[in-house]
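Enquirer: Below you will find the structure I want to go over with you.
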Amino acid sequence: MENAYRLKNQILPLAMAVALINWTSRTLFGFFYIQLLILAIAITCVIFAAYNFAQKYANIKTLLFFAFSFLYLIVCQVVMGIEDKDVFLFLITVYGYASTIYYFTIIRYRVAVVFIIGLIPFLIHTARTAKGITIHFIIYILLFFLLYFERTRKKRAETVRYNVPINEWYYVTMSVFLALVFLVSLIAPKPNVIPRLAYVNAVIEQVAQPLGGAAAQQNLFQGINNNLYNPFSIKTQSQLDSLTAPQSDRVLFEVAAQEPVYLRIQSWDKYEDNVWKIGNEKLKEYKPVRSFYNDGIKYNVFVDLVKKAKKEGIILSALPETSEIWNYDSNLPEKRKATILNVNSYSTKFIPVPIGAIDVYSEGKNSEKIYMNKLGSCSSGAQSSWKSYDVEYITQRIATNSFEHNLIKILDRTRAESLLDMNAYKKNDGEPLDISYDNLNVLYAATEDLKSVYENYTQLPQNISDRVFKLAQKITEGKESTYDKALAIEQYFHNSDYVYDLDPPRIPSGAEAIDYFLFDSKKGFCIHYASAMVVLARACGLPARYSEGYVADEFDSSTGRFVVRDKDAHAFPEVYIPGYGWMVFEPTVSVMEQDALSIFFDKVKSILVSFEETVVNIIEIIPVWVRILSIPFFLFTLMFWIWILRRVYIHFWKKKMLKLDANKAVDRILSKIIKLLGVVNLDRDLHETPLQYGQRIYMESGIDVLDFIEIFNKSKYAKVEPTVDDVKRGIALYGDVVVCIKRRLKWFNPAKYFWFV
């Protein structure tokens with residue numbers, strides 16, 4: 001009954017702990033079950049009840065705490081062996097929040113610390129989603145203010161030494177205050193971080209769309225201000241010297257997929273006068289999606305052919321038997337499905353599709369009514385407000401230890417042409433290798449593509465400077481395969497001093513955009529990085545193209561989909577790997593321009609992250625029983641370092657007191673002694689004079705601080721200057737008080753015991 005009564009009085013801390021657990025779990029794991037909430041409440045109540053039980057035994061409460069924590073961790077380890085790691089993380093989350101909230105609301109009431117604890121799920125939430133105020137955040141704020149009001153009431157009760165009665169006006173005042181806080185937060189204007197005139201058009205279009213009907217819809221993605229970078233706009237070219245990066249949070253569509261995906265809208269083959277254009281009009285011709293052989297399909301057939309030749313004993317000059325590639329097992333790229341949902345019914349001509357699309361279809365429209373061209377653009381023919389499309393595609397995520405990935409790493413034009421030559425596939429008796437009719441068609445299509453890409457995607461204009469070609473050769477020096485060269489160019493941007501800038505310097509009149517970006521400004525956003533990589537790739541003979549679209553990587557755990565917004569518009573380079581097909585690379589850096597202090601903290605952060613990863617890796621390879629046995633060792637080590645740090649701190653504190661003005665030193669030493677006595681519940685009451693307090697301390701504990709209080713009173717009220725010996729006497733008294741407190745704490749409170757020196 002007593003435990004139940006105490007839990008009833010702790011309902012607010014309990015609710016706060018459960019709210020934080022639920023918020024974190026929902027954000028991390030992306031699901032919510034009422035059973036999980038009930039389990040969180042039950043476990044939190046058990047943890048609170050265990051700590052309440054420990055509080056009744058003051059002499060051994062710390063020992064009981066460690067014993068309970070040890071048992072809880074053993075249970076977590078057992079659960080981890082039975083269930084998946086998400087359940088283990090959930091149990092650790094419950095323990096962490098329940099323990100910290102209990103300590104800082106019941107043992108040591110620290111409202112500021114409770115607020116900081118609430119920042120943990122808030123930061124996790126903001127890192128995984130761009131949503132604003134959620135129900136979890138509102139519940140947290142409500143509970144925080146309730147805890148604050150309750151703490152204020154209790155402090156007043158402690159001051160006046162009687163319990164302050166709660167009447168209806170207490171609740172009315174509290175409710176009105178909370179209502180005002182939320183009303184102000186909702187209606188107060190929020191400033192934009194980077195205000196841009198271009199967004200006025202987006203707002204006008206968004207408001208006008210439901211009012212203007214089809215005419216307004218048709219202009220939605222076109223934009224009144226063409227200076228805003230917009231992959232959906234119907235355009236025949238893409239300029240580099242007059243575009244503004246989009247920053248709007250407006251949701252365009254959602255994607256249900258197994259992985260983050262690049263969504264292509266349009267691509268261009270010709271670069272001229274700082275503009276991407278269509279050089280070969282035949283590349284624009286649309287055909288039904290199924291009339292194309294997807295790159296992924298072609299590569300899978302290509303790999304099967306090479307593996308079959310090896311099995312039949314055919315020796316390929318491009319892949320000798322001594323090659324290390326044969327040591328890897330086959331792991332073909334998977335076929336996956338993504339559903340593109342036009343959640344706001346915007347009207348578009350283009351359909352955003354993942355790289356490697358095989359088939360595109362929707363309710364009422366099969367693949368024969370959906371078209372694609374050789375540039376990779378997908379369209380339903382006319383501008384329309386579509387609901388959703390299902391896209392089957394071959395993922396570009398290939399296992400690094402697979403035969404397929406390692407084949408890509410050694411392919412170049414010569415090797416691919418040799419492997420695609422059907423004359424190379426003859427058995428020892430001269431008979432050709434048995435290849436199905438369908439696979440032959442796919443392989444012939446791959447051969448034609450190889451010729452076509454080198455004809456259409458390797459040209460550069462005459463005004464590209466020699467230093468661009470020299471830079472391309474320098475970056476790819478020593479690299480043999482197409483993949484290695486492309487990867488080297490990609491990494492060049494990440495390993496050099498290029499900066500991501502949403503408002504880069506304007507290109508000087510008459511300057512070549514890529515040359516200016518590579519050697520002068522070194523600042524830009526995705527369109528500059530993608531264009532620069534395409535030009536560098538072509539400068540060293542690699543077929544490459546410039547593509548625009550979106551990146552779907554903001555996962556909404558409440559819907560299980562990726563959210564795509566205006567600000568997710570992205571330009572990316574595609575390099576053609578002979579034998580494989582088009583592959584996306586990501587040269588765009590994520591580093592904003594920073595000052596020296598920010599760079600320093602980034603380096604410190606990277607060191608800490610590296611250390612954390614090392615520790616985690618070591619823990620993962622250690623057997624469970626060793627982990628459990630090592631817990632006391634780590635606890636002892638932690639306490640030892642606390643003890644060392646505390647001794648160093650006190651040493652410098654004593655030196656500081658001796659150098660300080662004597663009046664200030666006496667005042668600070670006495671304050672420190674009073675604070676120290678508060679650890680064993682010998683706090684000074686507000687109505688007590690220093691002398692009365694000293695007399696009470698002597699009567700209750702036998703600690704004599706009266707002589708030093710006399711020195712303090714003379715200094716404070718009689719203006720008698722203390723001597724250096726008086727300060728030394730105070731420092732010595734502090735040491736005596738520490739010894740007395742240690743005796744009262746004994747050995748059953750090691751955390752506090754080791755903290756004092």
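Each chain in the structure tokens gets a letter, A, B, ..., in the order shown, and its residues are numbered from 1; ligands are numbered from 1 in order too.
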Which residues in stretch 356-568 of chain A does DSSP call alpha helix (DSSP H)? List them as an MDAnalysis selection string.
Expert: chainID A and resid 403:408 413:420 437:456 466:475 482:494 513:516 526:539
Enquirer: So that I can see what lies close to A:Tyr529, please list as a tab-separated table (two decimals) with all heavy atoms, in the first residue's frame the residues with an atom at most 12 Å from it, counting only C-alpha atoms and leaving out residues fewer than 4 positions away in the same chain.
Expert:
```tsv
chain	number	residue	atom	x	y	z
A	240	LEU	N	23.10	27.41	-65.59
A	240	LEU	CA	23.89	27.33	-64.36
A	240	LEU	C	24.14	28.68	-63.73
A	240	LEU	O	24.50	28.75	-62.56
A	240	LEU	CB	25.26	26.68	-64.65
A	240	LEU	CG	25.26	25.24	-65.17
A	240	LEU	CD1	26.70	24.77	-65.29
A	240	LEU	CD2	24.50	24.33	-64.23
A	489	ILE	N	36.91	11.13	-59.15
A	489	ILE	CA	36.40	12.48	-59.39
A	489	ILE	C	35.39	12.86	-58.31
A	489	ILE	O	35.40	13.98	-57.79
A	489	ILE	CB	35.76	12.58	-60.80
A	489	ILE	CG1	36.82	12.35	-61.88
A	489	ILE	CG2	35.09	13.93	-61.00
A	489	ILE	CD1	36.26	12.20	-63.28
A	490	GLU	N	34.51	11.94	-57.96
A	490	GLU	CA	33.53	12.20	-56.90
A	490	GLU	C	34.22	12.56	-55.59
A	490	GLU	O	33.87	13.55	-54.92
A	490	GLU	CB	32.65	10.96	-56.71
A	490	GLU	CG	31.63	11.10	-55.58
A	490	GLU	CD	31.00	9.77	-55.23
A	490	GLU	OE1	31.74	8.89	-54.70
A	490	GLU	OE2	29.80	9.61	-55.45
A	491	GLN	N	35.22	11.76	-55.21
A	491	GLN	CA	35.92	11.97	-53.94
A	491	GLN	C	36.77	13.24	-53.95
A	491	GLN	O	37.05	13.81	-52.89
A	491	GLN	CB	36.79	10.75	-53.62
A	491	GLN	CG	36.00	9.50	-53.29
A	491	GLN	CD	35.05	9.72	-52.14
A	491	GLN	OE1	35.44	10.21	-51.08
A	491	GLN	NE2	33.78	9.37	-52.34
A	492	TYR	N	37.17	13.68	-55.14
A	492	TYR	CA	37.97	14.91	-55.23
A	492	TYR	C	37.24	16.08	-54.58
A	492	TYR	O	37.83	16.88	-53.85
A	492	TYR	CB	38.29	15.21	-56.69
A	492	TYR	CG	38.82	16.61	-56.92
A	492	TYR	CD1	40.12	16.94	-56.55
A	492	TYR	CD2	38.01	17.60	-57.48
A	492	TYR	CE1	40.61	18.23	-56.75
A	492	TYR	CE2	38.49	18.88	-57.68
A	492	TYR	CZ	39.78	19.20	-57.31
A	492	TYR	OH	40.25	20.46	-57.49
A	493	PHE	N	35.94	16.19	-54.84
A	493	PHE	CA	35.17	17.31	-54.28
A	493	PHE	C	35.05	17.19	-52.76
A	493	PHE	O	35.10	18.19	-52.05
A	493	PHE	CB	33.78	17.35	-54.92
A	493	PHE	CG	33.81	17.72	-56.37
A	493	PHE	CD1	33.70	16.75	-57.35
A	493	PHE	CD2	33.95	19.04	-56.77
A	493	PHE	CE1	33.73	17.07	-58.70
A	493	PHE	CE2	33.99	19.38	-58.11
A	493	PHE	CZ	33.87	18.40	-59.08
A	494	HIS	N	34.88	15.98	-52.27
A	494	HIS	CA	34.72	15.78	-50.83
A	494	HIS	C	36.02	15.95	-50.07
A	494	HIS	O	36.00	16.26	-48.87
A	494	HIS	CB	34.14	14.39	-50.56
A	494	HIS	CG	32.75	14.20	-51.07
A	494	HIS	ND1	31.64	14.68	-50.40
A	494	HIS	CD2	32.28	13.63	-52.21
A	494	HIS	CE1	30.55	14.38	-51.08
A	494	HIS	NE2	30.91	13.74	-52.19
A	498	TYR	N	36.09	22.54	-51.21
A	498	TYR	CA	34.85	23.04	-51.81
A	498	TYR	C	33.78	23.20	-50.72
A	498	TYR	O	33.75	22.43	-49.74
A	498	TYR	CB	34.35	22.10	-52.90
A	498	TYR	CG	35.21	22.14	-54.15
A	498	TYR	CD1	36.31	21.31	-54.28
A	498	TYR	CD2	34.94	23.03	-55.17
A	498	TYR	CE1	37.12	21.35	-55.40
A	498	TYR	CE2	35.73	23.09	-56.31
A	498	TYR	CZ	36.83	22.25	-56.42
A	498	TYR	OH	37.62	22.30	-57.53
A	499	VAL	N	32.92	24.19	-50.89
A	499	VAL	CA	31.93	24.53	-49.87
A	499	VAL	C	30.54	24.50	-50.47
A	499	VAL	O	30.33	24.94	-51.61
A	499	VAL	CB	32.23	25.94	-49.28
A	499	VAL	CG1	31.14	26.37	-48.32
A	499	VAL	CG2	33.58	25.95	-48.58
A	500	TYR	N	29.59	23.97	-49.71
A	500	TYR	CA	28.18	23.99	-50.15
A	500	TYR	C	27.59	25.35	-49.82
A	500	TYR	O	27.60	25.79	-48.66
A	500	TYR	CB	27.40	22.89	-49.42
A	500	TYR	CG	25.98	22.74	-49.93
A	500	TYR	CD1	25.71	21.98	-51.05
A	500	TYR	CD2	24.92	23.34	-49.26
A	500	TYR	CE1	24.41	21.84	-51.53
A	500	TYR	CE2	23.62	23.20	-49.72
A	500	TYR	CZ	23.37	22.45	-50.85
A	500	TYR	OH	22.09	22.31	-51.31
A	501	ASP	N	27.09	26.04	-50.82
A	501	ASP	CA	26.58	27.41	-50.64
A	501	ASP	C	25.29	27.56	-51.43
A	501	ASP	O	25.27	27.40	-52.66
A	501	ASP	CB	27.63	28.42	-51.12
A	501	ASP	CG	27.30	29.84	-50.68
A	501	ASP	OD1	26.12	30.11	-50.39
A	501	ASP	OD2	28.22	30.68	-50.64
A	504	PRO	N	25.59	31.02	-54.06
A	504	PRO	CA	26.99	31.14	-54.48
A	504	PRO	C	27.24	32.44	-55.24
A	504	PRO	O	26.28	33.10	-55.70
A	504	PRO	CB	27.17	29.94	-55.42
A	504	PRO	CG	25.82	29.66	-55.96
A	504	PRO	CD	24.85	30.01	-54.86
A	513	ALA	N	31.32	28.80	-66.71
A	513	ALA	CA	30.76	28.50	-65.39
A	513	ALA	C	31.53	27.41	-64.65
A	513	ALA	O	31.86	27.56	-63.47
A	513	ALA	CB	29.29	28.10	-65.54
A	514	ILE	N	31.83	26.30	-65.34
A	514	ILE	CA	32.49	25.18	-64.68
A	514	ILE	C	33.92	25.55	-64.30
A	514	ILE	O	34.39	25.23	-63.20
A	514	ILE	CB	32.49	23.93	-65.58
A	514	ILE	CG1	31.05	23.54	-65.95
A	514	ILE	CG2	33.21	22.77	-64.90
A	514	ILE	CD1	30.16	23.26	-64.76
A	515	ASP	N	34.61	26.23	-65.18
A	515	ASP	CA	35.98	26.67	-64.91
A	515	ASP	C	36.01	27.60	-63.70
A	515	ASP	O	36.86	27.47	-62.81
A	515	ASP	CB	36.54	27.38	-66.15
A	515	ASP	CG	38.02	27.67	-66.01
A	515	ASP	OD1	38.37	28.71	-65.42
A	515	ASP	OD2	38.84	26.85	-66.47
A	517	PHE	N	33.79	27.78	-61.26
A	517	PHE	CA	33.44	27.03	-60.05
A	517	PHE	C	34.62	26.18	-59.57
A	517	PHE	O	34.94	26.15	-58.37
A	517	PHE	CB	32.23	26.14	-60.31
A	517	PHE	CG	31.97	25.12	-59.23
A	517	PHE	CD1	31.46	25.50	-58.00
A	517	PHE	CD2	32.24	23.78	-59.44
A	517	PHE	CE1	31.23	24.57	-57.00
A	517	PHE	CE2	32.02	22.83	-58.45
A	517	PHE	CZ	31.52	23.24	-57.22
A	518	LEU	N	35.29	25.49	-60.48
A	518	LEU	CA	36.35	24.56	-60.11
A	518	LEU	C	37.58	25.26	-59.53
A	518	LEU	O	38.21	24.75	-58.59
A	518	LEU	CB	36.78	23.72	-61.32
A	518	LEU	CG	35.86	22.59	-61.74
A	518	LEU	CD1	36.34	21.97	-63.04
A	518	LEU	CD2	35.79	21.52	-60.64
A	522	LYS	N	34.71	27.96	-55.96
A	522	LYS	CA	34.64	26.71	-55.18
A	522	LYS	C	33.45	26.69	-54.23
A	522	LYS	O	33.48	26.03	-53.19
A	522	LYS	CB	35.95	26.50	-54.39
A	522	LYS	CG	37.17	26.30	-55.30
A	522	LYS	CD	38.37	25.81	-54.53
A	522	LYS	CE	39.53	25.49	-55.48
A	522	LYS	NZ	40.71	24.97	-54.80
A	523	LYS	N	32.42	27.42	-54.59
A	523	LYS	CA	31.18	27.46	-53.80
A	523	LYS	C	29.99	27.24	-54.72
A	523	LYS	O	29.95	27.77	-55.83
A	523	LYS	CB	31.02	28.81	-53.10
A	523	LYS	CG	32.08	29.12	-52.06
A	523	LYS	CD	31.84	30.49	-51.45
A	523	LYS	CE	32.90	30.84	-50.41
A	523	LYS	NZ	32.67	32.19	-49.83
A	524	GLY	N	29.04	26.47	-54.26
A	524	GLY	CA	27.85	26.23	-55.07
A	524	GLY	C	26.97	25.18	-54.45
A	524	GLY	O	27.28	24.63	-53.39
A	525	PHE	N	25.86	24.89	-55.11
A	525	PHE	CA	25.00	23.80	-54.65
A	525	PHE	C	24.97	22.73	-55.72
A	525	PHE	O	25.85	22.66	-56.58
A	525	PHE	CB	23.62	24.30	-54.22
A	525	PHE	CG	22.85	25.08	-55.27
A	525	PHE	CD1	21.85	24.47	-56.00
A	525	PHE	CD2	23.10	26.43	-55.49
A	525	PHE	CE1	21.12	25.18	-56.95
A	525	PHE	CE2	22.39	27.15	-56.43
A	525	PHE	CZ	21.39	26.51	-57.17
A	533	MET	N	31.29	17.61	-62.23
A	533	MET	CA	31.72	16.22	-62.32
A	533	MET	C	31.50	15.66	-63.72
A	533	MET	O	32.34	14.90	-64.23
A	533	MET	CB	31.00	15.34	-61.29
A	533	MET	CG	31.44	13.89	-61.39
A	533	MET	SD	31.00	12.86	-60.00
A	533	MET	CE	31.57	11.25	-60.61
A	534	VAL	N	30.39	16.02	-64.35
A	534	VAL	CA	30.13	15.55	-65.71
A	534	VAL	C	31.22	16.05	-66.66
A	534	VAL	O	31.76	15.29	-67.48
A	534	VAL	CB	28.74	15.98	-66.20
A	534	VAL	CG1	28.56	15.64	-67.68
A	534	VAL	CG2	27.65	15.31	-65.37
A	535	VAL	N	31.57	17.32	-66.53
A	535	VAL	CA	32.60	17.89	-67.40
A	535	VAL	C	33.96	17.23	-67.14
A	535	VAL	O	34.69	16.90	-68.09
A	535	VAL	CB	32.68	19.42	-67.20
A	535	VAL	CG1	33.91	20.00	-67.90
A	535	VAL	CG2	31.42	20.09	-67.73
A	536	LEU	N	34.32	17.03	-65.87
A	536	LEU	CA	35.60	16.37	-65.56
A	536	LEU	C	35.61	14.93	-66.06
A	536	LEU	O	36.64	14.44	-66.55
A	536	LEU	CB	35.85	16.40	-64.05
A	536	LEU	CG	36.26	17.75	-63.45
A	536	LEU	CD1	36.30	17.67	-61.93
A	536	LEU	CD2	37.63	18.19	-63.99
A	546	TYR	N	24.22	14.98	-67.24
A	546	TYR	CA	23.71	15.80	-66.15
A	546	TYR	C	22.22	15.52	-65.97
A	546	TYR	O	21.45	15.60	-66.94
A	546	TYR	CB	23.96	17.27	-66.48
A	546	TYR	CG	23.28	18.27	-65.57
A	546	TYR	CD1	23.84	18.62	-64.34
A	546	TYR	CD2	22.08	18.87	-65.94
A	546	TYR	CE1	23.23	19.55	-63.51
A	546	TYR	CE2	21.46	19.79	-65.13
A	546	TYR	CZ	22.02	20.13	-63.91
A	546	TYR	OH	21.40	21.04	-63.10
A	547	SER	N	21.80	15.17	-64.76
A	547	SER	CA	20.40	14.82	-64.50
A	547	SER	C	19.84	15.67	-63.37
A	547	SER	O	20.56	16.07	-62.45
A	547	SER	CB	20.26	13.34	-64.14
A	547	SER	OG	20.68	12.52	-65.20
A	570	HIS	N	17.20	18.13	-56.60
A	570	HIS	CA	18.62	17.78	-56.63
A	570	HIS	C	19.09	17.55	-58.06
A	570	HIS	O	18.34	17.04	-58.90
A	570	HIS	CB	18.85	16.52	-55.81
A	570	HIS	CG	20.28	16.23	-55.51
A	570	HIS	ND1	21.14	17.15	-54.93
A	570	HIS	CD2	21.03	15.10	-55.69
A	570	HIS	CE1	22.33	16.61	-54.78
A	570	HIS	NE2	22.30	15.38	-55.24
A	571	ALA	N	20.32	17.93	-58.32
A	571	ALA	CA	20.98	17.61	-59.59
A	571	ALA	C	22.11	16.64	-59.28
A	571	ALA	O	22.80	16.78	-58.27
A	571	ALA	CB	21.54	18.88	-60.23
A	572	PHE	N	22.27	15.66	-60.13
A	572	PHE	CA	23.30	14.65	-59.88
A	572	PHE	C	23.88	14.16	-61.20
A	572	PHE	O	23.20	14.14	-62.23
A	572	PHE	CB	22.74	13.47	-59.08
A	572	PHE	CG	21.44	12.93	-59.61
A	572	PHE	CD1	21.41	11.92	-60.56
A	572	PHE	CD2	20.23	13.43	-59.14
A	572	PHE	CE1	20.21	11.42	-61.05
A	572	PHE	CE2	19.01	12.94	-59.63
A	572	PHE	CZ	19.01	11.93	-60.58
A	573	PRO	N	25.15	13.76	-61.20
A	573	PRO	CA	25.77	13.24	-62.42
A	573	PRO	C	25.53	11.74	-62.55
A	573	PRO	O	25.47	11.02	-61.55
A	573	PRO	CB	27.26	13.53	-62.20
A	573	PRO	CG	27.42	13.45	-60.71
A	573	PRO	CD	26.12	13.90	-60.11
A	585	PHE	N	26.43	9.14	-59.15
A	585	PHE	CA	27.49	9.51	-58.21
A	585	PHE	C	27.06	10.77	-57.47
A	585	PHE	O	26.18	11.51	-57.93
A	585	PHE	CB	28.82	9.72	-58.94
A	585	PHE	CG	29.45	8.43	-59.41
A	585	PHE	CD1	29.06	7.86	-60.62
A	585	PHE	CD2	30.40	7.79	-58.65
A	585	PHE	CE1	29.62	6.67	-61.06
A	585	PHE	CE2	30.97	6.59	-59.08
A	585	PHE	CZ	30.58	6.04	-60.28
A	586	GLU	N	27.68	11.01	-56.31
A	586	GLU	CA	27.26	12.15	-55.48
A	586	GLU	C	28.46	13.03	-55.12
A	586	GLU	O	29.09	12.86	-54.07
A	586	GLU	CB	26.58	11.64	-54.20
A	586	GLU	CG	25.94	12.74	-53.36
A	586	GLU	CD	25.04	13.63	-54.19
A	586	GLU	OE1	23.86	13.28	-54.36
A	586	GLU	OE2	25.53	14.66	-54.70
A	587	PRO	N	28.79	13.99	-55.99
A	587	PRO	CA	29.93	14.87	-55.70
A	587	PRO	C	29.57	16.06	-54.79
A	587	PRO	O	30.46	16.74	-54.29
A	587	PRO	CB	30.32	15.37	-57.09
A	587	PRO	CG	29.03	15.40	-57.83
A	587	PRO	CD	28.21	14.24	-57.32
A	588	THR	N	28.27	16.32	-54.61
A	588	THR	CA	27.85	17.49	-53.84
A	588	THR	C	28.27	17.34	-52.39
A	588	THR	O	27.89	16.38	-51.72
A	588	THR	CB	26.33	17.69	-53.91
A	588	THR	OG1	25.94	17.79	-55.28
A	588	THR	CG2	25.90	18.95	-53.17
A	589	VAL	N	29.05	18.29	-51.90
A	589	VAL	CA	29.53	18.23	-50.52
A	589	VAL	C	28.43	18.72	-49.59
A	589	VAL	O	27.52	19.44	-50.00
A	589	VAL	CB	30.80	19.07	-50.33
A	589	VAL	CG1	31.90	18.58	-51.25
A	589	VAL	CG2	30.51	20.56	-50.57
A	590	SER	N	28.53	18.35	-48.33
A	590	SER	CA	27.53	18.76	-47.35
A	590	SER	C	28.08	19.79	-46.39
A	590	SER	O	27.42	20.18	-45.44
A	590	SER	CB	27.03	17.54	-46.56
A	590	SER	OG	28.11	16.90	-45.92
```
Enquirer: Give me the residues within 12 Å of A:Val301 as a ChimeraX atom specification, counting only C-alpha atoms and dropping any in the same chain fewer than 5 places off.
Expert: /A:293-296,306-308,332-333,404,420,435-446,579-580
Enquirer: Taking C-alpha atoms for each residue, export the selection above as a PDB file, in the first residue's frame.
Expert:
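Listed below is the output, again_32.pdb:
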```pdb
ATOM      1  CA  TYR A 293      15.823  -2.909 -71.818  1.00  0.00           C
ATOM      2  CA  ASN A 294      16.672  -1.592 -68.382  1.00  0.00           C
ATOM      3  CA  ASP A 295      20.388  -1.263 -67.523  1.00  0.00           C
ATOM      4  CA  GLY A 296      19.958  -3.552 -64.524  1.00  0.00           C
ATOM      5  CA  VAL A 306      30.267 -14.369 -68.183  1.00  0.00           C
ATOM      6  CA  LYS A 307      29.592 -16.859 -65.366  1.00  0.00           C
ATOM      7  CA  LYS A 308      28.190 -19.422 -67.807  1.00  0.00           C
ATOM      8  CA  LEU A 332      22.710 -10.074 -58.423  1.00  0.00           C
ATOM      9  CA  PRO A 333      21.178  -6.604 -57.832  1.00  0.00           C
ATOM     10  CA  GLU A 404      28.864  -8.171 -59.661  1.00  0.00           C
ATOM     11  CA  LEU A 420      30.059  -8.335 -75.322  1.00  0.00           C
ATOM     12  CA  ILE A 435      22.393 -18.381 -75.320  1.00  0.00           C
ATOM     13  CA  SER A 436      18.623 -17.902 -75.385  1.00  0.00           C
ATOM     14  CA  TYR A 437      17.015 -15.689 -78.030  1.00  0.00           C
ATOM     15  CA  ASP A 438      15.757 -13.200 -75.419  1.00  0.00           C
ATOM     16  CA  ASN A 439      19.173 -12.919 -73.793  1.00  0.00           C
ATOM     17  CA  LEU A 440      20.822 -12.386 -77.194  1.00  0.00           C
ATOM     18  CA  ASN A 441      18.478  -9.447 -77.819  1.00  0.00           C
ATOM     19  CA  VAL A 442      19.366  -7.973 -74.459  1.00  0.00           C
ATOM     20  CA  LEU A 443      23.107  -8.361 -75.120  1.00  0.00           C
ATOM     21  CA  TYR A 444      22.828  -6.807 -78.575  1.00  0.00           C
ATOM     22  CA  ALA A 445      20.936  -3.890 -77.014  1.00  0.00           C
ATOM     23  CA  ALA A 446      23.781  -3.492 -74.494  1.00  0.00           C
ATOM     24  CA  GLY A 579      28.771  -3.313 -69.464  1.00  0.00           C
ATOM     25  CA  TYR A 580      26.761  -2.090 -66.472  1.00  0.00           C
TER      26      TYR A 580
END
```
Enquirer: From stretch 438-546 of chain A, collect each residue whose DSSP state is strand (DSSP E) and return the set as a list in words.
Expert: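 Checking each residue of stretch 438-546 of chain A, the strand (DSSP E) ones are Val499, Tyr500, Lys523, Gly524, Ala544, Arg545 and Tyr546 of chain A.
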Enquirer: If I take atom CA of A:Ile74 and atom CA of A:Ile631, how far is one from the other in Å, to one decimal?
Expert: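 Atom-to-atom, atom CA of A:Ile74 and atom CA of A:Ile631 are spaced 11.1 Å apart.
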Enquirer: Identify, on the basis of only C-alpha atoms, every residue whose closest approach to A:Thr400 does not exceed 12 Å; exclude the query and any residue fewer than 5 positions from it along the same chain; express the result as a list in words.
Expert: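 Close residues of A:Thr400: Ile325, Tyr328, Asp329, Ser330, Asn331, Leu332, Pro333, His405, Asn406, Leu407, Ile408 and Lys409 of chain A.
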Enquirer: Do a neighbour search on A:Ser388 at 9 Å with only C-alpha atoms, toss out local chain neighbours closer than 6 positions, and write the hits as a list in words.
Expert: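 In the requested format, the answer is Thr339, Ile340, Leu341, Asn342, Val343, Tyr361, Ser362 and Glu363 of chain A.
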Enquirer: Filtering to N, CA and C atoms, could you give me those residues as a PDB file, in the first residue's frame?
Expert:
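The resulting again-v1.pdb:
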```pdb
ATOM      1  N   THR A 339       6.420   3.139 -54.754  1.00  0.00           N
ATOM      2  CA  THR A 339       5.143   3.766 -55.112  1.00  0.00           C
ATOM      3  C   THR A 339       5.271   5.267 -54.916  1.00  0.00           C
ATOM      4  N   ILE A 340       5.060   6.013 -55.994  1.00  0.00           N
ATOM      5  CA  ILE A 340       5.140   7.483 -55.954  1.00  0.00           C
ATOM      6  C   ILE A 340       3.724   8.016 -55.769  1.00  0.00           C
ATOM      7  N   LEU A 341       3.459   8.726 -54.670  1.00  0.00           N
ATOM      8  CA  LEU A 341       2.111   9.226 -54.370  1.00  0.00           C
ATOM      9  C   LEU A 341       2.077  10.742 -54.469  1.00  0.00           C
ATOM     10  N   ASN A 342       1.205  11.235 -55.325  1.00  0.00           N
ATOM     11  CA  ASN A 342       1.021  12.671 -55.501  1.00  0.00           C
ATOM     12  C   ASN A 342       0.002  13.138 -54.458  1.00  0.00           C
ATOM     13  N   VAL A 343       0.457  13.296 -53.203  1.00  0.00           N
ATOM     14  CA  VAL A 343      -0.454  13.495 -52.069  1.00  0.00           C
ATOM     15  C   VAL A 343      -1.243  14.798 -52.153  1.00  0.00           C
ATOM     16  N   TYR A 361       3.553   1.766 -63.816  1.00  0.00           N
ATOM     17  CA  TYR A 361       2.126   1.561 -64.065  1.00  0.00           C
ATOM     18  C   TYR A 361       1.322   2.158 -62.914  1.00  0.00           C
ATOM     19  N   SER A 362       0.040   2.351 -63.165  1.00  0.00           N
ATOM     20  CA  SER A 362      -0.845   2.874 -62.133  1.00  0.00           C
ATOM     21  C   SER A 362      -2.247   2.365 -62.393  1.00  0.00           C
ATOM     22  N   GLU A 363      -3.138   2.668 -61.480  1.00  0.00           N
ATOM     23  CA  GLU A 363      -4.535   2.266 -61.645  1.00  0.00           C
ATOM     24  C   GLU A 363      -5.117   2.990 -62.861  1.00  0.00           C
TER      25      GLU A 363
END
```
Enquirer: Using only C-alpha atoms, which residue out of A:Trp326, A:Phe68, A:Phe636, A:Tyr717 lies closest to A:Val303?
Expert: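 With only C-alpha atoms as the atom set, the closest residue is A:Trp326.
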Enquirer: Tell me, as number ranges by chain, which residues lie within 9 Å of A:Leu691, counting only C-alpha atoms; anything in the same chain fewer than 6 positions away does not count.
Expert: A: 706, 709-710, 713
Enquirer: So how many Å separate atom CA of A:Ala472 and atom CA of A:Lys298, to one decimal?
Expert: 29.5 Å
Enquirer: Which residue out of A:Asp520, A:Glu254, A:Glu281, A:Asp556 has the minimum interatomic distance to A:Ile507 when only C-alpha atoms are used?
Expert: A:Asp520
